[in-house]
Every structure is written in C-alpha cells, then in structure tokens.
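Enquirer: File follows, model02.cif with mmCIF, C-alpha atoms:
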data_model
#
loop_
_atom_site.label_atom_id
_atom_site.label_comp_id
_atom_site.auth_asym_id
_atom_site.auth_seq_id
_atom_site.Cartn_x
_atom_site.Cartn_y
_atom_site.Cartn_z
CA MET U 3 128.36 69.81 -33.34
CA ASN U 4 128.86 68.09 -36.63
CA ALA U 5 127.03 65.99 -39.19
CA SER U 6 128.49 63.74 -41.88
CA PHE U 7 126.85 62.48 -45.05
CA GLU U 8 127.99 60.06 -47.73
CA ILE U 9 125.76 60.64 -50.71
CA GLU U 10 125.82 58.15 -53.58
CA PHE U 11 124.97 58.97 -57.17
CA SER U 12 124.14 56.68 -60.07
CA SER U 13 127.63 57.01 -61.56
CA ALA U 14 131.12 58.26 -60.78
CA LYS U 15 130.62 60.93 -63.46
CA HIS U 16 127.58 62.29 -61.62
CA ALA U 17 129.47 62.31 -58.32
CA LYS U 18 132.29 64.26 -59.97
CA HIS U 19 129.85 66.84 -61.36
CA ALA U 20 128.13 67.12 -57.98
CA LEU U 21 131.50 67.86 -56.37
CA GLN U 22 131.93 70.77 -58.77
CA VAL U 23 128.48 72.15 -57.98
CA ILE U 24 128.40 71.58 -54.22
CA LYS U 25 131.41 73.49 -53.03
CA SER U 26 133.05 73.55 -49.64
CA ASP U 27 132.02 76.60 -47.69
CA GLN U 28 133.10 78.38 -44.55
CA SER U 29 131.33 81.14 -42.70
CA SER U 30 131.57 82.42 -39.17
CA LYS U 31 128.89 79.95 -38.04
CA VAL U 32 129.23 76.89 -40.26
CA VAL U 33 132.00 74.95 -42.01
CA LEU U 34 131.06 72.63 -44.90
CA SER U 35 133.66 70.34 -46.44
CA VAL U 36 132.84 68.30 -49.52
CA LYS U 37 135.14 65.75 -51.13
CA ALA U 38 135.10 62.50 -53.03
CA ALA U 39 134.18 59.54 -50.84
CA PRO U 40 137.41 57.62 -50.14
CA LYS U 41 136.15 54.11 -50.95
CA ASN U 42 133.25 54.75 -53.32
CA PRO U 43 133.87 56.59 -56.61
CA LYS U 44 130.10 57.05 -57.09
CA ALA U 45 129.71 59.02 -53.85
CA ILE U 46 130.65 62.30 -52.22
CA TYR U 47 131.43 62.83 -48.55
CA CYS U 48 130.13 65.94 -46.80
CA ARG U 49 130.88 67.14 -43.29
CA ILE U 50 129.20 70.09 -41.62
CA GLU U 51 130.55 71.65 -38.41
CA SER U 52 128.84 74.31 -36.34
CA HIS U 53 128.54 75.57 -32.78
CA SER U 54 124.81 76.08 -33.23
CA PHE U 55 122.27 73.33 -33.94
CA ALA U 56 120.07 75.78 -35.86
CA ALA U 57 122.96 76.73 -38.18
CA LEU U 58 123.91 73.06 -38.63
CA ARG U 59 120.34 72.14 -39.51
CA ALA U 60 119.99 75.06 -41.94
CA ARG U 61 123.22 74.14 -43.78
CA ALA U 62 122.25 70.44 -43.89
CA THR U 63 118.88 71.37 -45.39
CA SER U 64 120.59 73.57 -47.97
CA LEU U 65 123.09 70.82 -48.80
CA LEU U 66 120.35 68.22 -49.28
CA ARG U 67 118.36 70.64 -51.46
CA ASP U 68 121.47 71.15 -53.65
CA VAL U 69 121.91 67.36 -53.91
CA LYS U 70 118.28 66.93 -54.96
CA ILE U 71 118.64 69.62 -57.62
CA ALA U 72 121.78 67.91 -58.96
CA ARG U 73 120.07 64.49 -59.04
CA ASP U 74 116.96 65.89 -60.73
CA THR U 75 119.15 67.62 -63.32
CA PHE U 76 121.08 64.42 -64.04
CA ALA U 77 117.81 62.47 -64.42
CA PHE U 78 116.37 65.12 -66.78
CA ILE U 79 119.50 65.11 -68.96
CA GLU U 80 119.55 61.30 -69.14
CA LYS U 81 115.91 61.19 -70.27
CA GLY U 82 116.88 63.69 -72.97
#
Let me see the structure of the file written as structure tokens.
Expert:
Amino acid sequence: MNASFEIEFSSAKHAKHALQVIKSDQSSKVVLSVKAAPKNPKAIYCRIESHSFAALRARATSLLRDVKIARDTFAFIEKG
C-alpha cells in the first residue's frame, strides 16, 4: 500500500524549511520519502509505503500533524 501527498506552502522558503523539518524515514513497517515537488517550488512531495493499512494511516496522521505544526509556526513568525 502507498499514499502520496503534494503539500503546498505559502512560499518556496516555507517549503524548503518544511523539507528540513519533515525528514524521510524508514522503519521495518513504513517508508516515508519527502522531497521538493518537481513542478512546484512552493510544495513538497511525500510518499508513504507500508504493508499494513494501520501503519500507513498512523504515519500519514503523523506527517499531517508535522505539516500543521510547521504551517502554524510559519504563520506565528510572520505575524511577529
């Protein structure tokens, strides 16, 4: 099983920072790859692979939580 996400940020700078925070990860159950989106500099591309739906869902939830934290942090800093 796999899931793919292209997540857009408000700027290319934010996408670059998100790439640094949300790192690719590999465990015995789940593989997460994160890279810059090929055609959109303001986005990141994430792919999750797993043999188990439960593990896939758990990693997707964790990924989306990390994205929300990054977006909230960027918004807080911009409000300054």
Enquirer: Please indicate the distance in Å from CA of Met3 (chain U) to CA of Phe55 (chain U), rounded to one decimal place.
Expert: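 Computing the Euclidean distance for CA of Met3 (chain U) and CA of Phe55 (chain U) yields 7.1 Å.
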Enquirer: Which of these residues is nearest to Ile24 (chain U), using only C-alpha atoms: U:Glu51, U:Ile9, U:Ala56, U:Asn42?
Expert: U:Ile9
Enquirer: With the file shown as input, list the residues that the PyMOL selection byres ((chain U and resi 20-23) around 10) selects, as a list in words.
Expert: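 Taken over the shown coordinates, the PyMOL selection byres ((chain U and resi 20-23) around 10) returns Phe11, Ala14, Lys15, His16, Ala17, Lys18, His19, Ile24, Lys25, Ser26, Val36, Lys37, Ala38, Ala45, Ile46, Tyr47, Cys48, Asp68, Val69, Ile71, Ala72, Arg73 and Phe76 of chain U.
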Enquirer: Please compute the CA of Ile79 (chain U)-CA of Thr63 (chain U) distance, one decimal, in Å.
Expert: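 It comes out at 24.4 Å.
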Enquirer: Would you work out the distance separating CA of Asn4 (chain U) from CA of Pro40 (chain U), expressed in Å to one decimal?
Expert: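 Straight-line distance from CA of Asn4 (chain U) to CA of Pro40 (chain U) works out to 19.1 Å.
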Enquirer: Where's the centre, and what are the edge lengths in Å to one decimal, of a box along x, y and z enclosing all listed atoms of region 18-30 of chain U padded 5 Å per side, as AutoDock Vina command-line options?
Expert:
--center_x 130.6 --center_y 73.3 --center_z -50.3 --size_x 15.0 --size_y 28.2 --size_z 32.2
Enquirer: Got a sec: who's within 12 Å of Ser29 (chain U), counting all atoms listed in the file, leaving out chain neighbours fewer than 6 positions off, as a PDB file with C-alpha atoms, in the frame of the given file?
Expert:
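File written: part-v7.pdb
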ATOM      1  CA  SER U  35     133.660  70.340 -46.440  1.00  0.00           C
ATOM      2  CA  ILE U  50     129.200  70.090 -41.620  1.00  0.00           C
ATOM      3  CA  GLU U  51     130.550  71.650 -38.410  1.00  0.00           C
ATOM      4  CA  SER U  52     128.840  74.310 -36.340  1.00  0.00           C
ATOM      5  CA  HIS U  53     128.540  75.570 -32.780  1.00  0.00           C
ATOM      6  CA  ALA U  57     122.960  76.730 -38.180  1.00  0.00           C
ATOM      7  CA  LEU U  58     123.910  73.060 -38.630  1.00  0.00           C
ATOM      8  CA  ARG U  61     123.220  74.140 -43.780  1.00  0.00           C
TER       9      ARG U  61
END
